[in-house]
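Colleague: The file below is run02.pdb, PDB, C-alpha atoms:
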ATOM      1  CA  GLY A  30       0.000   0.000   0.000
ATOM      2  CA  ALA A  31       0.927   3.650  -0.033
ATOM      3  CA  GLY A  32       3.576   4.881   2.332
ATOM      4  CA  VAL A  33       3.647   7.997   4.471
ATOM      5  CA  SER A  34       3.222  11.115   2.383
ATOM      6  CA  GLN A  35       4.032  14.691   3.280
ATOM      7  CA  SER A  36       3.241  17.994   1.653
ATOM      8  CA  PRO A  37       4.586  20.298   0.554
ATOM      9  CA  ARG A  38       7.966  18.724  -0.134
ATOM     10  CA  TYR A  39       9.639  22.126  -0.107
ATOM     11  CA  LYS A  40       8.537  25.342   1.532
ATOM     12  CA  VAL A  41      10.209  28.718   1.535
ATOM     13  CA  ALA A  42       8.857  31.193   4.069
ATOM     14  CA  LYS A  43       9.821  34.716   4.928
ATOM     15  CA  ARG A  44      10.715  35.260   8.557
ATOM     16  CA  GLY A  45       7.581  35.964  10.512
ATOM     17  CA  GLN A  46       5.220  34.013   8.255
ATOM     18  CA  ASP A  47       3.117  31.100   9.464
ATOM     19  CA  VAL A  48       3.467  27.693   7.793
ATOM     20  CA  ALA A  49       1.475  24.469   7.873
ATOM     21  CA  LEU A  50       2.991  21.106   7.045
ATOM     22  CA  ARG A  51       0.819  18.101   6.306
ATOM     23  CA  CYS A  52       1.357  14.409   6.970
ATOM     24  CA  ASP A  53      -0.730  11.514   5.636
ATOM     25  CA  PRO A  54       0.214   8.376   7.569
ATOM     26  CA  ILE A  55      -0.149   4.812   6.391
ATOM     27  CA  SER A  56      -3.794   3.854   6.579
ATOM     28  CA  GLY A  57      -4.662   2.214   9.863
ATOM     29  CA  HIS A  58      -1.495   3.251  11.670
ATOM     30  CA  VAL A  59      -2.399   4.349  15.155
ATOM     31  CA  SER A  60       0.768   6.226  16.101
ATOM     32  CA  LEU A  61       2.094   9.320  14.352
ATOM     33  CA  PHE A  62       5.333  11.138  15.072
ATOM     34  CA  TRP A  63       6.914  14.414  13.993
ATOM     35  CA  TYR A  64      10.680  14.914  13.941
ATOM     36  CA  GLN A  65      12.901  17.849  13.027
ATOM     37  CA  GLN A  66      16.165  17.191  11.189
ATOM     38  CA  ALA A  67      18.672  20.009  10.971
ATOM     39  CA  LEU A  68      21.338  19.869   8.278
ATOM     40  CA  GLY A  69      23.959  17.250   9.087
ATOM     41  CA  GLN A  70      22.152  16.044  12.203
ATOM     42  CA  GLY A  71      19.943  13.147  13.143
ATOM     43  CA  PRO A  72      16.196  13.593  13.451
ATOM     44  CA  GLU A  73      14.996  14.994  16.767
ATOM     45  CA  PHE A  74      11.628  14.165  18.242
ATOM     46  CA  LEU A  75       8.987  16.883  18.307
ATOM     47  CA  THR A  76       5.661  15.283  19.189
ATOM     48  CA  TYR A  77       3.640  12.055  19.129
ATOM     49  CA  PHE A  78      -0.020  11.144  18.653
ATOM     50  CA  GLN A  79      -1.895   7.986  19.367
ATOM     51  CA  ASN A  80      -5.046   8.254  17.299
ATOM     52  CA  GLU A  81      -6.203  11.845  17.868
ATOM     53  CA  ALA A  82      -4.613  12.206  21.295
ATOM     54  CA  GLN A  83      -1.343  14.088  21.534
ATOM     55  CA  LEU A  84       0.461  12.036  24.164
ATOM     56  CA  ASP A  85       3.870  13.689  24.113
ATOM     57  CA  LYS A  86       4.822  17.164  22.944
ATOM     58  CA  SER A  87       7.971  17.486  24.967
ATOM     59  CA  GLY A  88      10.143  18.047  21.890
ATOM     60  CA  LEU A  89       8.332  21.076  20.531
ATOM     61  CA  PRO A  90      10.969  23.832  20.754
ATOM     62  CA  SER A  91       8.631  26.710  21.533
ATOM     63  CA  ASP A  92       4.991  27.689  21.769
ATOM     64  CA  ARG A  93       5.217  28.782  18.119
ATOM     65  CA  PHE A  94       5.023  25.091  17.204
ATOM     66  CA  PHE A  95       1.641  23.411  17.259
ATOM     67  CA  ALA A  96       0.514  20.008  15.971
ATOM     68  CA  GLU A  97      -2.884  18.431  15.582
ATOM     69  CA  ARG A  98      -4.474  15.218  14.376
ATOM     70  CA  PRO A  99      -8.178  15.888  14.848
ATOM     71  CA  GLU A 100      -9.591  12.705  13.298
ATOM     72  CA  GLY A 101      -6.768  10.354  14.144
ATOM     73  CA  SER A 102      -5.451  10.210  10.594
ATOM     74  CA  VAL A 103      -3.946  13.229   8.812
ATOM     75  CA  SER A 104      -1.778  15.475  10.950
ATOM     76  CA  THR A 105      -0.684  19.075  10.542
ATOM     77  CA  LEU A 106       2.356  20.711  12.074
ATOM     78  CA  LYS A 107       1.995  24.461  12.259
ATOM     79  CA  ILE A 108       4.791  26.897  12.907
ATOM     80  CA  GLN A 109       3.827  30.470  13.693
ATOM     81  CA  ARG A 110       6.027  33.503  13.140
ATOM     82  CA  THR A 111       8.805  31.429  11.568
ATOM     83  CA  GLN A 112      12.414  32.177  12.483
ATOM     84  CA  GLN A 113      15.600  31.322  10.610
ATOM     85  CA  GLU A 114      16.452  28.642  13.159
ATOM     86  CA  ASP A 115      13.277  26.804  12.134
ATOM     87  CA  SER A 116      14.920  25.950   8.796
ATOM     88  CA  ALA A 117      15.142  22.155   8.730
ATOM     89  CA  VAL A 118      13.590  19.037   7.260
ATOM     90  CA  TYR A 119      10.409  18.058   9.078
ATOM     91  CA  LEU A 120       9.809  14.321   9.065
ATOM     92  CA  CYS A 121       6.599  12.495   9.802
ATOM     93  CA  ALA A 122       6.454   8.818  10.727
ATOM     94  CA  SER A 123       3.684   6.389  11.520
ATOM     95  CA  LYS A 124       3.537   3.053  13.291
ATOM     96  CA  ARG A 125       0.937   0.332  13.619
ATOM     97  CA  ARG A 126      -0.338  -0.720  17.001
ATOM     98  CA  GLY A 127       2.091  -3.131  18.647
ATOM     99  CA  GLY A 128       4.761  -2.669  15.992
ATOM    100  CA  TYR A 129       8.373  -1.614  16.428
ATOM    101  CA  GLU A 130       9.056   0.011  13.082
ATOM    102  CA  GLN A 131       8.314   3.618  12.367
ATOM    103  CA  TYR A 132       7.703   4.308   8.672
ATOM    104  CA  PHE A 133       8.979   7.677   7.570
ATOM    105  CA  GLY A 134       7.710  10.056   4.952
ATOM    106  CA  PRO A 135      10.018  11.914   2.551
ATOM    107  CA  GLY A 136       9.982  15.043   4.693
ATOM    108  CA  THR A 137       9.246  18.712   4.113
ATOM    109  CA  ARG A 138      12.288  20.920   3.692
ATOM    110  CA  LEU A 139      11.497  24.305   5.241
ATOM    111  CA  THR A 140      13.736  27.261   4.457
ATOM    112  CA  VAL A 141      13.106  30.496   6.319
ATOM    113  CA  THR A 142      14.631  33.538   4.660
TER
ATOM    114  CA  GLY B  14      21.579  15.560  25.819
ATOM    115  CA  ASN B  15      21.717  13.010  23.040
ATOM    116  CA  SER B  16      21.682   9.518  24.438
ATOM    117  CA  VAL B  17      22.829   7.825  21.256
ATOM    118  CA  THR B  18      26.432   8.282  20.207
ATOM    119  CA  GLN B  19      27.659   7.008  16.888
ATOM    120  CA  MET B  20      30.706   7.352  14.720
ATOM    121  CA  GLU B  21      30.533  10.462  12.609
ATOM    122  CA  GLY B  22      31.819  10.540   9.086
ATOM    123  CA  PRO B  23      32.077  11.052   6.399
ATOM    124  CA  VAL B  24      33.719   7.744   5.590
ATOM    125  CA  THR B  25      34.882   6.597   2.165
ATOM    126  CA  LEU B  26      35.591   2.930   1.459
ATOM    127  CA  SER B  27      36.455   0.869  -1.550
ATOM    128  CA  GLU B  28      34.050  -1.786  -2.767
ATOM    129  CA  GLU B  29      34.357  -5.089  -0.867
ATOM    130  CA  ALA B  30      35.909  -3.396   2.177
ATOM    131  CA  PHE B  31      34.776  -4.286   5.698
ATOM    132  CA  LEU B  32      32.519  -1.778   7.422
ATOM    133  CA  THR B  33      31.983  -1.078  11.122
ATOM    134  CA  ILE B  34      29.951   1.836  12.430
ATOM    135  CA  ASN B  35      30.076   2.121  16.207
ATOM    136  CA  CYS B  36      27.001   3.043  18.216
ATOM    137  CA  THR B  37      26.538   3.289  21.971
ATOM    138  CA  TYR B  38      23.492   4.362  23.911
ATOM    139  CA  THR B  39      22.380   5.413  27.356
ATOM    140  CA  ALA B  40      18.966   4.462  28.658
ATOM    141  CA  THR B  41      17.133   3.110  31.631
ATOM    142  CA  GLY B  42      16.113  -0.473  31.102
ATOM    143  CA  TYR B  43      16.528  -2.251  27.809
ATOM    144  CA  PRO B  44      15.241  -0.209  24.901
ATOM    145  CA  SER B  45      14.767  -1.499  21.378
ATOM    146  CA  LEU B  46      17.654  -0.564  19.089
ATOM    147  CA  PHE B  47      17.577   0.284  15.402
ATOM    148  CA  TRP B  48      19.703   1.165  12.423
ATOM    149  CA  TYR B  49      18.001   3.391   9.873
ATOM    150  CA  VAL B  50      19.443   4.237   6.457
ATOM    151  CA  GLN B  51      18.843   7.186   4.168
ATOM    152  CA  TYR B  52      19.841   6.586   0.546
ATOM    153  CA  PRO B  53      20.473   9.643  -1.645
ATOM    154  CA  GLY B  54      17.208  11.352  -2.505
ATOM    155  CA  GLU B  55      15.121   8.957  -0.414
ATOM    156  CA  GLY B  56      13.474   8.948   2.996
ATOM    157  CA  LEU B  57      14.616   7.196   6.152
ATOM    158  CA  GLN B  58      14.026   3.481   6.127
ATOM    159  CA  LEU B  59      14.600   0.789   8.708
ATOM    160  CA  LEU B  60      17.671  -1.340   7.997
ATOM    161  CA  LEU B  61      17.551  -3.671  11.000
ATOM    162  CA  LYS B  62      16.466  -3.859  14.603
ATOM    163  CA  ALA B  63      16.969  -5.741  17.865
ATOM    164  CA  THR B  64      14.388  -5.682  20.591
ATOM    165  CA  LYS B  65      16.183  -7.382  23.473
ATOM    166  CA  ALA B  66      19.662  -8.050  24.797
ATOM    167  CA  ASP B  67      21.821 -10.445  22.748
ATOM    168  CA  ASP B  68      19.472 -10.234  19.764
ATOM    169  CA  LYS B  69      21.161  -9.920  16.396
ATOM    170  CA  GLY B  70      19.467  -7.888  13.700
ATOM    171  CA  SER B  71      20.406  -8.545  10.092
ATOM    172  CA  ASN B  72      19.391  -7.348   6.651
ATOM    173  CA  LYS B  73      21.058  -6.894   3.232
ATOM    174  CA  GLY B  74      24.330  -8.323   4.577
ATOM    175  CA  PHE B  75      24.403  -5.896   7.507
ATOM    176  CA  GLU B  76      24.417  -7.151  11.098
ATOM    177  CA  ALA B  77      24.272  -5.606  14.555
ATOM    178  CA  THR B  78      24.165  -7.295  17.970
ATOM    179  CA  TYR B  79      22.483  -5.787  21.023
ATOM    180  CA  ARG B  80      25.177  -5.802  23.734
ATOM    181  CA  LYS B  81      23.795  -4.738  27.090
ATOM    182  CA  GLU B  82      27.171  -5.144  28.834
ATOM    183  CA  THR B  83      28.722  -2.471  26.670
ATOM    184  CA  THR B  84      25.452  -0.658  25.807
ATOM    185  CA  SER B  85      26.407  -0.943  22.164
ATOM    186  CA  PHE B  86      24.792  -1.814  18.832
ATOM    187  CA  HIS B  87      27.604  -1.631  16.290
ATOM    188  CA  LEU B  88      26.724  -2.073  12.611
ATOM    189  CA  GLU B  89      28.913  -4.336  10.470
ATOM    190  CA  LYS B  90      29.078  -5.554   6.895
ATOM    191  CA  GLY B  91      31.754  -7.836   5.569
ATOM    192  CA  SER B  92      31.886  -6.541   2.003
ATOM    193  CA  VAL B  93      30.331  -3.208   1.093
ATOM    194  CA  GLN B  94      28.964  -2.357  -2.338
ATOM    195  CA  VAL B  95      28.640   0.924  -4.177
ATOM    196  CA  SER B  96      24.882   0.695  -3.582
ATOM    197  CA  ASP B  97      25.499   0.888   0.197
ATOM    198  CA  SER B  98      26.459   4.551  -0.143
ATOM    199  CA  ALA B  99      24.059   6.330   2.197
ATOM    200  CA  VAL B 100      23.720   7.991   5.593
ATOM    201  CA  TYR B 101      23.346   5.536   8.492
ATOM    202  CA  PHE B 102      21.580   6.436  11.736
ATOM    203  CA  CYS B 103      21.630   4.474  14.973
ATOM    204  CA  ALA B 104      18.519   4.938  17.114
ATOM    205  CA  ARG B 105      17.034   3.721  20.348
ATOM    206  CA  GLY B 106      13.391   3.376  21.205
ATOM    207  CA  GLY B 107      11.719   4.238  24.443
ATOM    208  CA  SER B 108       8.283   5.524  25.325
ATOM    209  CA  GLU B 109       7.407   5.214  21.636
ATOM    210  CA  LYS B 110       9.645   7.988  20.299
ATOM    211  CA  LEU B 111      13.012   7.304  18.671
ATOM    212  CA  VAL B 112      16.250   8.971  19.755
ATOM    213  CA  PHE B 113      18.750   9.151  16.893
ATOM    214  CA  GLY B 114      22.478   9.526  16.624
ATOM    215  CA  LYS B 115      23.881  12.221  14.370
ATOM    216  CA  GLY B 116      24.313   9.904  11.396
ATOM    217  CA  MET B 117      27.294   8.797   9.392
ATOM    218  CA  LYS B 118      27.669   9.342   5.668
ATOM    219  CA  LEU B 119      29.250   6.404   3.863
ATOM    220  CA  THR B 120      30.558   6.578   0.317
ATOM    221  CA  VAL B 121      31.661   3.378  -1.388
ATOM    222  CA  ASN B 122      33.823   3.737  -4.467
ATOM    223  CA  PRO B 123      34.132   1.065  -7.176
TER
END
Just give me the structure as structure tokens.
Modeller:
Amino acid sequence: GAGVSQSPRYKVAKRGQDVALRCDPISGHVSLFWYQQALGQGPEFLTYFQNEAQLDKSGLPSDRFFAERPEGSVSTLKIQRTQQEDSAVYLCASKRRGGYEQYFGPGTRLTVT
Amino acid sequence: GNSVTQMEGPVTLSEEAFLTINCTYTATGYPSLFWYVQYPGEGLQLLLKATKADDKGSNKGFEATYRKETTSFHLEKGSVQVSDSAVYFCARGGSEKLVFGKGMKLTVNP
């Protein structure tokens, strides 16, 4: 079946603009994760949903970052008043109940100018 | 701080060379351990995993053994190919989320 998809693949925002990044997980996957990957670094955890419940948001770097998954499927990561340090690749992953493997999407590369 | 430490590259090898990428972790208990790979232009994908101590994960000629005594999960391959050129990430699980190392870029030349 289809894998995890993310849109847009690339986003350029002027500093101060708001952005919204979308993730479509694998159908039926209960868990959904967002990670941030800076250039030359490993992915870092941002937040995690189980169905529509956001169970862990300890990795969100500031209150400008907000994520939602209102119907337990598609998720949106929103960044308000973007700053240059927000430039990174944002990865989404999903996992089936009871599984070990997280399946990653291709990522959205955000560049803040 | 980052609780997964792995060798940082970049590393360049010739085809058929032996590969080792070291990875150590800190954690309470016995987390699941993973190696993810990112081929050029592609997304992260799971290469292999081990879910308990002394387990050996293997895939595509790569192997890694979960060593609780040394809190390590080193990745090895006996004979690399050009197609193994990629960035390799060690990761540990725990409370659902993954904690990644910084990644190591491997280039294999013919």
Colleague: Pull out every residue of chain A that has at least one atom within 8 Å of chain B, counting all atoms listed in the file, and report them as a VMD selection string.
Modeller: chain A and resid 62 69 to 74 77 130 to 136
Colleague: Find, counting only C-alpha atoms, the residue in B:Leu119, B:Gln51, B:Thr33, B:Gln94 that gets nearest to Ala77 of chain B.
Modeller: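 Checking each candidate against Ala77 of chain B, we get B:Thr33 as the closest.
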Colleague: I'd like the residues picked by the PyMOL selection byres ((chain A and resi 47) around 8) written out as number ranges by chain, using the chain letters and numbers from the file.
Modeller: A: 42, 45-46, 48-49, 107-111
Colleague: Using the chain letters and residue numbers of this document, give as a list of chain:residue names the residues selected by the PyMOL selection byres ((chain B and resi 30) around 8).
Modeller: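 Going through the file, the PyMOL selection byres ((chain B and resi 30) around 8) ends up selecting B:Leu26, B:Ser27, B:Glu28, B:Glu29, B:Phe31, B:Leu32, B:Gly91, B:Ser92, B:Val93.
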Colleague: For the atom pair atom CA of Glu76 of chain B and atom CA of Val50 of chain B, what is the interatomic distance in Å to one decimal place?
Modeller: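 A separation of 13.3 Å between them.
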Colleague: With all atoms listed in the file as the counted atoms, please give the residues lying no more than 7 Å from Ser116 of chain A, apart from itself and same-chain residues fewer than 5 positions off, as a list in words.
Modeller: Leu139, Thr140 and Val141 of chain A
Colleague: One decimal, in Å: what's the spacing between atom CA of Pro99 of chain A and atom CA of Asn80 of chain A?
Modeller: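 Separating atom CA of Pro99 of chain A from atom CA of Asn80 of chain A is a distance of 8.6 Å.
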Colleague: Can you work out the spacing between atom CA of Gln65 of chain A and atom CA of Ser71 of chain B in Å, to one decimal?
Modeller: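 Value for the atom CA of Gln65 of chain A-atom CA of Ser71 of chain B distance: 27.6 Å.
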Colleague: Can you pull out every residue within 12 Å of Ala82 of chain A, counting all atoms listed in the file, but drop anything in the same chain fewer than 5 positions away, and send it as a PyMOL selection string?
Modeller: chain A and resi 59-62+76-77+96-102+104
Colleague: Can you list, as a ChimeraX atom specification, the residues that the PyMOL selection byres ((chain B and resi 87) around 8) selects here?
Modeller: /B:33-37,77-78,85-86,88-89
Colleague: So that I can see what lies close to Tyr119 of chain A, please list as a list of chain:residue names the residues with an atom at most 7 Å from it, counting only C-alpha atoms and leaving out residues fewer than 2 positions away in the same chain.
Modeller: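 Using only C-alpha atoms, the neighbours found are A:Tyr64, A:Gln65, A:Gln66, A:Ala117, A:Cys121, A:Gly136, A:Thr137, A:Arg138.
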Colleague: Any chance you could work out the axis-aligned box around segment 37-55 of chain B, listed atoms only, 4 Å on each side, giving centre and edge lengths in Å to one decimal, as JSON?
Modeller:
{"center_x": 20.7, "center_y": 4.6, "center_z": 14.6, "size_x": 19.8, "size_y": 21.6, "size_z": 42.1}
Colleague: Measuring between only C-alpha atoms, which one of B:Thr120, B:Thr25, B:Lys81, B:Ala40 shows the shortest distance to Asp68 of chain B?
Modeller: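 The shortest atom-to-atom distance to Asp68 of chain B comes from B:Lys81.
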Colleague: Please write segment 91-104 of chain A of the preceding block to a file containing all heavy atoms, as a compact mmCIF listing (two decimals), in the first residue's frame?
Modeller:
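Output file decode05.txt is given in full below:
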# COMPACT_ATOMS: atom_id res chain seq x y z
N SER A 91 9.21 25.50 20.96
CA SER A 91 8.63 26.71 21.53
C SER A 91 7.13 26.68 21.32
O SER A 91 6.60 25.80 20.63
CB SER A 91 9.23 27.96 20.87
OG SER A 91 8.66 28.16 19.58
N ASP A 92 6.45 27.65 21.93
CA ASP A 92 4.99 27.69 21.77
C ASP A 92 4.59 28.19 20.39
O ASP A 92 3.40 28.32 20.08
CB ASP A 92 4.34 28.53 22.87
CG ASP A 92 4.84 29.95 22.89
OD1 ASP A 92 5.60 30.34 21.97
OD2 ASP A 92 4.52 30.68 23.84
N ARG A 93 5.56 28.44 19.51
CA ARG A 93 5.22 28.78 18.12
C ARG A 93 4.89 27.51 17.33
O ARG A 93 4.35 27.60 16.23
CB ARG A 93 6.39 29.51 17.45
CG ARG A 93 6.72 30.86 18.07
CD ARG A 93 7.79 31.60 17.26
NE ARG A 93 9.08 30.90 17.27
CZ ARG A 93 9.57 30.21 16.24
NH1 ARG A 93 8.86 30.09 15.13
NH2 ARG A 93 10.74 29.64 16.34
N PHE A 94 5.24 26.37 17.88
CA PHE A 94 5.02 25.09 17.20
C PHE A 94 3.76 24.45 17.77
O PHE A 94 3.59 24.34 18.99
CB PHE A 94 6.20 24.15 17.42
CG PHE A 94 7.43 24.51 16.64
CD1 PHE A 94 8.18 25.63 16.95
CD2 PHE A 94 7.84 23.72 15.58
CE1 PHE A 94 9.32 25.96 16.22
CE2 PHE A 94 8.99 24.02 14.86
CZ PHE A 94 9.72 25.15 15.18
N PHE A 95 2.92 24.00 16.85
CA PHE A 95 1.64 23.41 17.26
C PHE A 95 1.31 22.27 16.31
O PHE A 95 1.48 22.40 15.09
CB PHE A 95 0.55 24.48 17.21
CG PHE A 95 -0.83 23.97 17.43
CD1 PHE A 95 -1.27 23.63 18.68
CD2 PHE A 95 -1.72 23.83 16.35
CE1 PHE A 95 -2.55 23.15 18.89
CE2 PHE A 95 -3.01 23.35 16.55
CZ PHE A 95 -3.42 23.01 17.82
N ALA A 96 0.87 21.13 16.82
CA ALA A 96 0.51 20.01 15.97
C ALA A 96 -0.87 19.51 16.33
O ALA A 96 -1.29 19.59 17.49
CB ALA A 96 1.53 18.88 16.11
N GLU A 97 -1.56 18.98 15.34
CA GLU A 97 -2.88 18.43 15.58
C GLU A 97 -3.14 17.24 14.69
O GLU A 97 -2.53 17.09 13.62
CB GLU A 97 -3.97 19.50 15.37
CG GLU A 97 -3.99 20.08 13.98
CD GLU A 97 -5.01 21.21 13.85
OE1 GLU A 97 -5.63 21.61 14.85
OE2 GLU A 97 -5.18 21.70 12.71
N ARG A 98 -4.07 16.41 15.13
CA ARG A 98 -4.47 15.22 14.38
C ARG A 98 -5.94 14.96 14.73
O ARG A 98 -6.27 13.99 15.40
CB ARG A 98 -3.60 14.02 14.76
CG ARG A 98 -3.70 12.83 13.82
CD ARG A 98 -2.92 11.63 14.34
NE ARG A 98 -2.93 10.54 13.39
CZ ARG A 98 -2.63 9.28 13.70
NH1 ARG A 98 -2.29 8.95 14.95
NH2 ARG A 98 -2.64 8.35 12.76
N PRO A 99 -6.82 15.84 14.31
CA PRO A 99 -8.18 15.89 14.85
C PRO A 99 -9.01 14.63 14.63
O PRO A 99 -9.88 14.34 15.46
CB PRO A 99 -8.80 17.10 14.14
CG PRO A 99 -7.94 17.33 12.94
CD PRO A 99 -6.57 16.88 13.30
N GLU A 100 -8.78 13.89 13.56
CA GLU A 100 -9.59 12.71 13.30
C GLU A 100 -8.77 11.43 13.39
O GLU A 100 -9.21 10.37 12.95
CB GLU A 100 -10.28 12.83 11.94
CG GLU A 100 -11.24 14.01 11.88
CD GLU A 100 -11.90 14.16 10.52
OE1 GLU A 100 -11.59 13.37 9.61
OE2 GLU A 100 -12.72 15.08 10.38
N GLY A 101 -7.58 11.54 13.96
CA GLY A 101 -6.77 10.35 14.14
C GLY A 101 -6.14 9.83 12.88
O GLY A 101 -5.66 8.69 12.85
N SER A 102 -6.10 10.65 11.83
CA SER A 102 -5.45 10.21 10.59
C SER A 102 -4.44 11.26 10.16
O SER A 102 -3.31 11.28 10.67
CB SER A 102 -6.49 9.96 9.52
OG SER A 102 -5.87 9.56 8.31
N VAL A 103 -4.84 12.17 9.29
CA VAL A 103 -3.95 13.23 8.81
C VAL A 103 -3.53 14.12 9.97
O VAL A 103 -4.31 14.38 10.89
CB VAL A 103 -4.66 14.07 7.74
CG1 VAL A 103 -3.88 15.31 7.39
CG2 VAL A 103 -4.93 13.22 6.50
N SER A 104 -2.28 14.57 9.93
CA SER A 104 -1.78 15.48 10.95
C SER A 104 -1.19 16.71 10.29
O SER A 104 -0.69 16.66 9.15
CB SER A 104 -0.70 14.79 11.79
OG SER A 104 -0.14 15.68 12.74
